[in-house]
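Note: the block below is start39.txt and it holds compact mmCIF, C-alpha atoms.
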```txt
# COMPACT_ATOMS: atom_id res chain seq x y z
CA MET A 1 23.97 8.57 12.98
CA GLY A 2 24.07 10.87 9.97
CA SER A 3 22.05 13.42 8.10
CA TYR A 4 18.79 12.50 6.41
CA GLN A 5 19.29 15.27 3.83
CA PRO A 6 20.77 14.07 0.52
CA LYS A 7 23.91 15.68 -0.86
CA TRP A 8 22.06 16.35 -4.11
CA THR A 9 18.79 15.60 -5.86
CA GLY A 10 18.02 15.88 -9.53
CA GLY A 11 16.14 14.52 -12.47
CA VAL A 12 16.11 14.14 -16.23
CA SER A 13 13.03 14.61 -18.35
CA ASN A 14 12.85 13.82 -22.04
CA THR A 15 10.24 13.59 -24.77
CA PHE A 16 10.57 11.36 -27.82
CA THR A 17 8.19 11.70 -30.77
CA TYR A 18 7.70 9.44 -33.75
CA ARG A 19 4.87 10.12 -36.19
CA ASN A 20 1.71 10.28 -34.04
CA PHE A 21 3.31 8.88 -30.88
CA ARG A 22 4.89 10.75 -27.98
CA LEU A 23 6.89 9.11 -25.17
CA ASP A 24 7.59 11.19 -22.04
CA LEU A 25 10.01 9.99 -19.37
CA LEU A 26 10.99 11.46 -16.03
CA ILE A 27 13.86 9.85 -14.14
CA ASP A 28 14.87 11.34 -10.81
CA GLY A 29 16.92 10.46 -7.81
CA CYS A 30 18.92 11.55 -4.85
CA TYR A 31 22.45 10.87 -3.74
CA GLY A 32 23.42 10.56 -0.11
CA GLY A 33 21.52 10.95 3.11
CA LYS A 34 21.24 8.40 5.88
CA VAL A 35 18.20 6.66 7.32
CA TYR A 36 17.82 4.48 10.42
CA SER A 37 15.57 1.46 9.98
CA GLY A 38 13.92 0.52 13.26
CA LEU A 39 11.91 -1.90 11.12
CA ASP A 40 15.01 -3.96 10.31
CA ALA A 41 16.21 -3.87 13.93
CA GLN A 42 12.85 -5.12 15.22
CA MET A 43 12.62 -7.82 12.57
CA ASP A 44 16.12 -9.06 13.44
CA ALA A 45 15.30 -9.05 17.17
CA ALA A 46 12.16 -11.11 16.49
CA GLY A 47 13.96 -13.45 14.08
CA THR A 48 11.59 -12.68 11.21
CA SER A 49 13.99 -11.14 8.68
CA LYS A 50 15.72 -13.14 5.97
CA ARG A 51 19.05 -12.08 7.43
CA THR A 52 18.32 -14.00 10.68
CA LEU A 53 18.35 -17.34 8.84
CA GLN A 54 22.11 -17.08 9.16
CA TYR A 55 23.52 -18.99 12.17
CA ARG A 56 20.29 -20.88 12.95
CA ASP A 57 22.00 -24.23 12.46
CA GLY A 58 24.78 -24.59 15.02
CA GLY A 59 24.96 -20.97 16.15
CA VAL A 60 27.99 -18.73 15.68
CA VAL A 61 31.35 -18.25 17.33
CA VAL A 62 31.87 -14.52 17.73
CA ASP A 63 35.40 -13.16 17.28
CA GLY A 64 36.80 -12.05 20.59
CA VAL A 65 38.46 -13.21 23.78
CA VAL A 66 37.17 -14.90 26.91
CA ASN A 67 38.52 -14.59 30.45
CA THR A 68 39.15 -18.16 31.66
CA GLY A 69 40.85 -16.95 34.83
CA THR A 70 39.49 -14.81 37.62
CA VAL A 71 38.76 -11.11 37.94
CA GLU A 72 41.95 -10.61 39.94
CA ASN A 73 44.06 -12.86 37.71
CA PRO A 74 42.57 -12.82 34.17
CA ILE A 75 43.66 -15.32 31.55
CA TRP A 76 42.55 -14.24 28.09
CA GLU A 77 41.97 -16.90 25.46
CA THR A 78 40.41 -16.78 22.00
CA ASN A 79 36.66 -17.30 22.15
CA SER A 80 35.56 -20.76 20.99
CA LEU A 81 32.10 -20.88 22.58
CA PRO A 82 29.17 -20.72 20.13
CA ILE A 83 26.07 -18.68 20.85
CA SER A 84 22.64 -19.23 19.32
CA ALA A 85 21.27 -17.20 16.44
CA GLN A 86 18.67 -15.81 18.84
CA GLN A 87 21.37 -14.53 21.21
CA TYR A 88 23.40 -13.11 18.32
CA TRP A 89 20.58 -11.27 16.54
CA GLY A 90 19.02 -10.17 19.82
CA THR A 91 22.28 -8.39 20.64
CA VAL A 92 22.97 -7.03 17.14
CA SER A 93 19.45 -5.58 16.92
CA GLY A 94 20.30 -3.24 19.79
CA ILE A 95 23.23 -1.68 17.93
CA ALA A 96 21.71 1.26 16.04
CA SER A 97 24.66 1.78 13.69
CA GLU A 98 23.99 -1.68 12.16
CA TYR A 99 20.72 -0.34 10.75
CA VAL A 100 21.77 2.98 9.23
CA TYR A 101 21.47 2.87 5.46
CA ASP A 102 22.33 5.15 2.55
CA ARG A 103 19.11 6.38 0.93
CA THR A 104 20.63 6.93 -2.53
CA ASN A 105 18.17 5.94 -5.25
CA ILE A 106 17.24 6.51 -8.89
CA ARG A 107 13.72 5.77 -10.11
CA LEU A 108 11.48 5.99 -13.13
CA ARG A 109 9.18 8.64 -11.69
CA GLU A 110 6.85 9.07 -14.65
CA PHE A 111 6.20 7.44 -18.00
CA SER A 112 3.60 8.30 -20.58
CA LEU A 113 2.94 7.02 -24.07
CA ILE A 114 0.45 9.15 -26.00
CA TRP A 115 -1.06 8.50 -29.42
CA ASN A 116 -2.39 11.53 -31.28
CA VAL A 117 -5.28 10.20 -33.31
CA PRO A 118 -4.96 11.34 -36.94
CA VAL A 119 -7.67 13.83 -37.90
CA ASN A 120 -8.77 11.71 -40.89
CA MET A 121 -9.65 8.86 -38.48
CA LEU A 122 -12.06 10.99 -36.44
CA ASN A 123 -14.79 11.30 -39.09
CA ASN A 124 -16.69 13.57 -36.76
CA SER A 125 -17.28 17.28 -37.20
CA LEU A 126 -17.80 17.69 -33.45
CA VAL A 127 -14.38 16.33 -32.38
CA LYS A 128 -11.48 18.29 -33.88
CA GLY A 129 -8.64 16.31 -32.25
CA ALA A 130 -8.03 13.41 -29.90
CA SER A 131 -5.18 11.85 -27.95
CA LEU A 132 -5.15 8.52 -26.14
CA GLY A 133 -2.43 7.12 -23.92
CA LEU A 134 -1.10 5.34 -20.88
CA ILE A 135 0.48 7.08 -17.90
CA GLY A 136 2.39 5.59 -15.00
CA ARG A 137 3.91 7.26 -11.94
CA ASN A 138 6.44 5.93 -9.41
CA LEU A 139 6.88 2.76 -11.46
CA PHE A 140 10.16 1.21 -10.34
CA PHE A 141 13.71 1.77 -9.14
CA LEU A 142 16.60 1.76 -11.53
CA TYR A 143 18.95 1.73 -8.51
CA LYS A 144 18.64 1.89 -4.74
CA LYS A 145 20.84 1.03 -1.80
CA ILE A 146 18.04 0.16 0.65
CA ASP A 147 16.68 -3.34 0.07
CA ASN A 148 13.30 -3.58 1.70
CA PHE A 149 11.59 -0.19 1.59
CA ASP A 150 11.25 2.98 -0.46
CA PRO A 151 13.37 5.81 0.99
CA GLU A 152 10.52 8.23 0.24
CA SER A 153 8.08 6.24 2.37
CA ILE A 154 9.63 7.81 5.47
CA TYR A 155 8.81 11.44 4.73
CA THR A 156 7.05 13.08 7.64
CA SER A 157 6.01 16.54 8.71
CA SER A 158 7.47 15.95 12.15
CA SER A 159 10.94 17.43 12.48
CA CYS A 160 11.96 14.91 15.14
CA SER A 161 11.46 11.74 13.12
CA GLN A 162 12.89 12.42 9.68
CA GLY A 163 15.38 9.74 8.76
CA VAL A 164 13.82 7.16 11.10
CA VAL A 165 11.53 4.45 9.79
CA PHE A 166 9.28 2.03 11.64
CA TYR A 167 6.87 -0.07 9.55
CA PRO A 168 6.52 2.19 6.50
CA LEU A 169 3.59 1.81 4.17
CA PRO A 170 4.47 1.10 0.55
CA THR A 171 4.52 4.13 -1.70
CA THR A 172 1.79 4.39 -4.29
CA ARG A 173 2.35 3.33 -7.87
CA SER A 174 -0.30 4.65 -10.21
CA LEU A 175 -1.28 3.57 -13.69
CA GLY A 176 -3.85 5.37 -15.74
CA VAL A 177 -5.40 6.00 -19.11
CA TYR A 178 -5.15 9.42 -20.77
CA LEU A 179 -7.87 10.77 -23.03
CA ASN A 180 -7.88 14.27 -24.45
CA LEU A 181 -10.63 15.48 -26.81
CA LYS A 182 -10.65 18.82 -28.64
CA PHE A 183 -13.98 20.23 -29.74
```
Hey, can you dump this file as structure tokens for me?
Amino acid sequence: MGSYQPKWTGGVSNTFTYRNFRLDLLIDGCYGGKVYSGLDAQMDAAGTSKRTLQYRDGGVVVDGVVNTGTVENPIWETNSLPISAQQYWGTVSGIASEYVYDRTNIRLREFSLIWNVPVNMLNNSLVKGASLGLIGRNLFFLYKKIDNFDPESIYTSSSCSQGVVFYPLPTTRSLGVYLNLKF
């Protein structure tokens, strides 16, 4: 169904300074790579995904032909018989290629805003310097092709299941406070 390995990965890091403030950004991403979502297939089969709301009222007429004759003497006519949403999604959920997605994504991996406290504000002979700031990691996606899960949530040490996802846990977003004192 495709290779899990991306065609390329990369990132951009930059630091901006203004007076006593420093802003550090790390944006990274990967391009390419395929992943199979067993999660989506199972949700469609159970009728619990948003996508399965389609065709619930009145069913769907699938493009195709129907044999109205016999096996020995077939008469092919355009299909006009509707099937229910349950029949449709139950069948589609068994087609693996319907659930292979591109794992291309770009994210804000790290952000930090640091304030270097001016020495004249310290008024303390013990503390020679101080910095205070906010740090965030894995904050949000700038772009991704997969709608309902983080492509990195499927990393595994098992070589037989890379690129396959069943019920992934959300990846961790962390926010913190930075304090650095110099004595």
Review point. Pick from A:Thr104, A:Leu181, A:Asp44, A:Ser49: nearest to Ala130 in chain A, with only C-alpha atoms counted?
Key: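 Nearest candidate to Ala130 in chain A out of A:Thr104, A:Leu181, A:Asp44, A:Ser49: A:Leu181.
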Practice item. Extract, using all atoms listed in the file, all DNA, RNA and protein residues at most 10 Å from Asn180 in chain A, discarding same-chain residues fewer than 4 positions from it, and format them as a ChimeraX atom specification. Key: /A:114,116,129-133
Point to revise | Shell around range 140-154 of chain A at 7 Å using all atoms listed in the file, local window under 4 positions removed, as a ChimeraX atom specification | key: /A:101-108,163,165,168-171
**Study point:** Interatomic distance, CA of Gly59 in chain A to CA of Gln86 in chain A (Å, one decimal)
**Key:**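 Distance between the two atoms: 8.6 Å.
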Study note, to complete from the structure: Of A:Thr52, A:Ser97, A:Gln87, A:Ser125, the one sitting nearest Val35 in chain A when using all atoms listed in the file is A:Ser97
Review point. To one decimal place, how far is CA of Asp57 in chain A from CA of Thr91 in chain A in Å?
Key: 17.8 Å
Review point. Looking at only C-alpha atoms, which of A:Gly11, A:Gly176, A:Pro118, A:Gly90 is the one that sits closest to Gln42 in chain A?
Key: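 Looking at the shortest contact to Gln42 in chain A, the residue is A:Gly90.
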Practice item. Skip Leu23 in chain A itself and residues of its chain fewer than 6 positions away, then list as a list in words all residues within 7 Å of it, counting all atoms listed in the file. Key: Thr15, Phe16, Thr17, Ser112, Leu113 and Ile114 of chain A
I need the chosen residues saved as a PDB file, in the frame of the given file, with C-alpha atoms.
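To be explicit, this is the file written out as result_4.pdb:
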```
ATOM      1  CA  THR A  15      10.240  13.590 -24.770  1.00  0.00           C
ATOM      2  CA  PHE A  16      10.570  11.360 -27.820  1.00  0.00           C
ATOM      3  CA  THR A  17       8.190  11.700 -30.770  1.00  0.00           C
ATOM      4  CA  SER A 112       3.600   8.300 -20.580  1.00  0.00           C
ATOM      5  CA  LEU A 113       2.940   7.020 -24.070  1.00  0.00           C
ATOM      6  CA  ILE A 114       0.450   9.150 -26.000  1.00  0.00           C
TER       7      ILE A 114
END
```
Build an axis-aligned box that encloses every atom of range 111-129 of chain A listed in the file, pad it by 8 Å on each side, and report its centre and edge lengths in Å to one decimal, as JSON.
```
{"center_x": -5.8, "center_y": 12.7, "center_z": -29.4, "size_x": 40.0, "size_y": 27.3, "size_z": 38.9}
```
**Study point:** Computed interatomic separation between CA of Arg173 in chain A and CA of Asn138 in chain A (Å)
**Key:**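 Taking CA of Arg173 in chain A as the start and CA of Asn138 in chain A as the end point, the length is 5.1 Å.
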Practice item. Have a look at A:Leu122, A:Arg109, A:Tyr4, A:Val66 and name the one nearest to Gly29 in chain A; count only C-alpha atoms. Key: A:Arg109
Check your understanding: Given the choices A:Ile95, A:Ser84, A:Val164, A:Met121, which gets closest to Leu53 in chain A if the distance is worked out from only C-alpha atoms?
Key ->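 That would be A:Ser84, the residue with the smallest distance to Leu53 in chain A.
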Check your understanding: Of the candidates A:Phe111, A:Tyr55, A:Tyr99, A:Tyr178, which one gets nearest to Asp24 in chain A if we count only C-alpha atoms?
Key ->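 Selected residue with least distance to Asp24 in chain A: A:Phe111.
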List as an mmCIF file with C-alpha atoms, keeping the file's coordinate frame the residues having at least one atom at most 12 Å from position (36.0, -22.1, 23.4) as given in the file, counting only C-alpha atoms.
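Saved as selection-v9.cif:
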```cif
data_model
loop_
_atom_site.group_PDB
_atom_site.id
_atom_site.type_symbol
_atom_site.label_atom_id
_atom_site.label_comp_id
_atom_site.auth_asym_id
_atom_site.auth_seq_id
_atom_site.Cartn_x
_atom_site.Cartn_y
_atom_site.Cartn_z
ATOM 1 C CA VAL A 60 27.990 -18.730 15.680
ATOM 2 C CA VAL A 61 31.350 -18.250 17.330
ATOM 3 C CA VAL A 62 31.870 -14.520 17.730
ATOM 4 C CA ASP A 63 35.400 -13.160 17.280
ATOM 5 C CA GLY A 64 36.800 -12.050 20.590
ATOM 6 C CA VAL A 65 38.460 -13.210 23.780
ATOM 7 C CA VAL A 66 37.170 -14.900 26.910
ATOM 8 C CA ASN A 67 38.520 -14.590 30.450
ATOM 9 C CA THR A 68 39.150 -18.160 31.660
ATOM 10 C CA TRP A 76 42.550 -14.240 28.090
ATOM 11 C CA GLU A 77 41.970 -16.900 25.460
ATOM 12 C CA THR A 78 40.410 -16.780 22.000
ATOM 13 C CA ASN A 79 36.660 -17.300 22.150
ATOM 14 C CA SER A 80 35.560 -20.760 20.990
ATOM 15 C CA LEU A 81 32.100 -20.880 22.580
ATOM 16 C CA PRO A 82 29.170 -20.720 20.130
ATOM 17 C CA ILE A 83 26.070 -18.680 20.850
#
```
**Study point:** Contact residues around Leu26 in chain A with all atoms listed in the file at 6 Å, ignoring same-chain residues under 3 positions, as JSON, numbers by chain
**Key:** {"A": [12, 13, 109, 110]}
